[in-house]
Amino acid sequence: MTHRSHDVDQLLRLLGMLGSPSERDFWTDWRPNEHRYGYKKIAGGVQALVRSEREGSEEQRRWAHDFADYVLLLFATESPASEAKLVDMIGRTITTGHTQTVGALFLADLRSTAWRVWRDNHSIKADTTIEWWNTPL
């Protein structure tokens with residue numbers, strides 16, 4: 001299944017590169033002190049996106065926005081050390097080659113794709129902004 005939105009499709013494919021939650025260690029090793037919170041949020045977001053495909057465009061936009069928000073939140077880091085650890089973990093999960101380079105590029109792509117999905121599915125429309133700025137103060 002290809003998602004209607006190129007960026008949502010890309011975001012799902014990037015997450016897929018980290019492996020199936022039932023087959024790969026990334027999802028169990030990632031955020032181990034949070035009782036699999038990240039895994040549960042990603043799983044819930046993917047399931048909501050699938051349901052929203054059937055329910056219509058407004059519901060789909062809301063869930064795409066929320067899902068991207070989860071991804072941005074869950075792949076954020078608090079320090080250079082935690083960023084390096086995440087980059088290393090991702091790199092080792094998806095390649096046996098240049099793990100640091102691949103991990104850093106993957107994480108940058110994931111974050112920028114999630115940002116575009118979040119931005120493009122935000123409730124603010126260009127027409128609303130035009131109306132605001134054309135109303136006399």
# chains A, B, ... in the order shown; residues from 1 in each chain; ligands from 1
call {"tool": "closest_atom_pairs", "arguments": {"of": "stretch 109-131 of chain A", "to": "stretch 11-32 of chain A", "cutoff": "12 Å", "atoms": "only C-alpha atoms", "output": "tab-separated table"}}
result
residue	atom	partner	partner_atom	distance
A:Asp109	CA	A:Leu14	CA	8.3
A:Leu110	CA	A:Leu11	CA	6.5
A:Arg111	CA	A:Leu11	CA	9.0
A:Ser112	CA	A:Leu11	CA	9.4
A:Thr113	CA	A:Leu11	CA	6.1
A:Ala114	CA	A:Leu11	CA	6.5
A:Trp115	CA	A:Leu11	CA	10.0
A:Arg116	CA	A:Leu11	CA	9.8
A:Val117	CA	A:Leu11	CA	8.3
A:Trp118	CA	A:Leu11	CA	11.0
call {"tool": "residues_around", "arguments": {"residues": "A:Asp66", "least_positions_apart": "5", "cutoff": "12 Å", "atoms": "only C-alpha atoms", "output": "list in words"}}
result
Val8, Lys41, Ile42, Gly44, Gly45, Val46, Ala48, Leu49, Ser52, Glu59, Gln60, Arg61, Val71, Leu72, Leu73, Ala114, Trp115, Val117, Trp118, Arg119, Asp120, Asn121, His122 and Ser123 of chain A
call {"tool": "write_last_selection", "arguments": {"atoms": "N, CA, C and O atoms", "output": "compact mmCIF listing (two decimals), in the first residue's frame"}}
result
# COMPACT_ATOMS: atom_id res chain seq x y z
N VAL A 8 4.19 11.23 3.71
CA VAL A 8 3.73 10.23 4.68
C VAL A 8 4.24 8.86 4.26
O VAL A 8 4.72 8.08 5.09
N LYS A 41 3.53 4.39 20.68
CA LYS A 41 3.08 5.58 19.97
C LYS A 41 3.23 5.42 18.45
O LYS A 41 2.35 5.82 17.70
N ILE A 42 4.33 4.84 18.01
CA ILE A 42 4.53 4.60 16.58
C ILE A 42 3.47 3.61 16.09
O ILE A 42 2.82 3.83 15.06
N GLY A 44 0.50 2.90 17.34
CA GLY A 44 -0.81 3.56 17.34
C GLY A 44 -0.95 4.53 16.19
O GLY A 44 -2.01 4.63 15.56
N GLY A 45 0.11 5.27 15.89
CA GLY A 45 0.09 6.22 14.78
C GLY A 45 -0.06 5.53 13.44
O GLY A 45 -0.83 5.99 12.58
N VAL A 46 0.65 4.44 13.23
CA VAL A 46 0.54 3.70 11.96
C VAL A 46 -0.88 3.15 11.82
O VAL A 46 -1.50 3.27 10.76
N ALA A 48 -3.64 4.30 13.17
CA ALA A 48 -4.56 5.43 12.94
C ALA A 48 -4.47 5.94 11.51
O ALA A 48 -5.48 6.30 10.91
N LEU A 49 -3.26 5.97 10.95
CA LEU A 49 -3.11 6.39 9.55
C LEU A 49 -3.85 5.45 8.61
O LEU A 49 -4.51 5.89 7.67
N SER A 52 -7.55 6.13 9.00
CA SER A 52 -7.93 7.44 8.46
C SER A 52 -7.98 7.44 6.94
O SER A 52 -8.69 8.24 6.35
N GLU A 59 -9.89 13.68 8.49
CA GLU A 59 -9.41 12.75 9.52
C GLU A 59 -7.98 12.32 9.20
O GLU A 59 -7.13 12.24 10.08
N GLN A 60 -7.70 12.11 7.94
CA GLN A 60 -6.36 11.70 7.51
C GLN A 60 -5.35 12.81 7.79
O GLN A 60 -4.25 12.54 8.26
N ARG A 61 -5.70 14.05 7.51
CA ARG A 61 -4.80 15.17 7.77
C ARG A 61 -4.49 15.27 9.26
O ARG A 61 -3.35 15.49 9.66
N VAL A 71 6.54 11.28 15.87
CA VAL A 71 7.86 10.92 15.35
C VAL A 71 8.89 11.98 15.75
O VAL A 71 9.98 11.65 16.23
N LEU A 72 8.53 13.24 15.58
CA LEU A 72 9.45 14.32 15.96
C LEU A 72 9.77 14.26 17.46
O LEU A 72 10.92 14.41 17.87
N LEU A 73 8.76 14.04 18.26
CA LEU A 73 8.96 13.95 19.71
C LEU A 73 9.80 12.73 20.08
O LEU A 73 10.75 12.83 20.86
N ALA A 114 9.35 14.08 8.71
CA ALA A 114 8.30 14.25 9.73
C ALA A 114 7.90 15.72 9.83
O ALA A 114 6.71 16.04 9.97
N TRP A 115 8.87 16.62 9.74
CA TRP A 115 8.56 18.05 9.79
C TRP A 115 7.65 18.44 8.62
O TRP A 115 6.67 19.15 8.80
N VAL A 117 5.58 16.54 6.91
CA VAL A 117 4.24 15.97 7.15
C VAL A 117 3.51 16.79 8.19
O VAL A 117 2.34 17.13 8.01
N TRP A 118 4.19 17.13 9.28
CA TRP A 118 3.56 17.95 10.34
C TRP A 118 3.11 19.29 9.77
O TRP A 118 1.98 19.70 9.96
N ARG A 119 4.02 19.95 9.06
CA ARG A 119 3.73 21.28 8.49
C ARG A 119 2.60 21.22 7.47
O ARG A 119 1.66 22.02 7.51
N ASP A 120 2.64 20.26 6.56
CA ASP A 120 1.68 20.20 5.47
C ASP A 120 0.29 19.75 5.92
O ASP A 120 -0.68 19.95 5.21
N ASN A 121 0.20 19.15 7.09
CA ASN A 121 -1.10 18.69 7.60
C ASN A 121 -1.57 19.51 8.79
O ASN A 121 -2.47 19.10 9.51
N HIS A 122 -0.96 20.64 9.00
CA HIS A 122 -1.37 21.56 10.07
C HIS A 122 -2.72 22.14 9.72
O HIS A 122 -3.08 22.25 8.55
N SER A 123 -3.48 22.54 10.71
CA SER A 123 -4.83 23.04 10.46
C SER A 123 -4.86 24.43 9.84
O SER A 123 -5.87 24.83 9.27
call {"tool": "select_by_dssp", "arguments": {"residues": "stretch 35-132 of chain A", "states": "helix (DSSP H, G or I)", "output": "ChimeraX atom specification"}}
result
/A:37-55,57-74,80-94,99-120,126-132
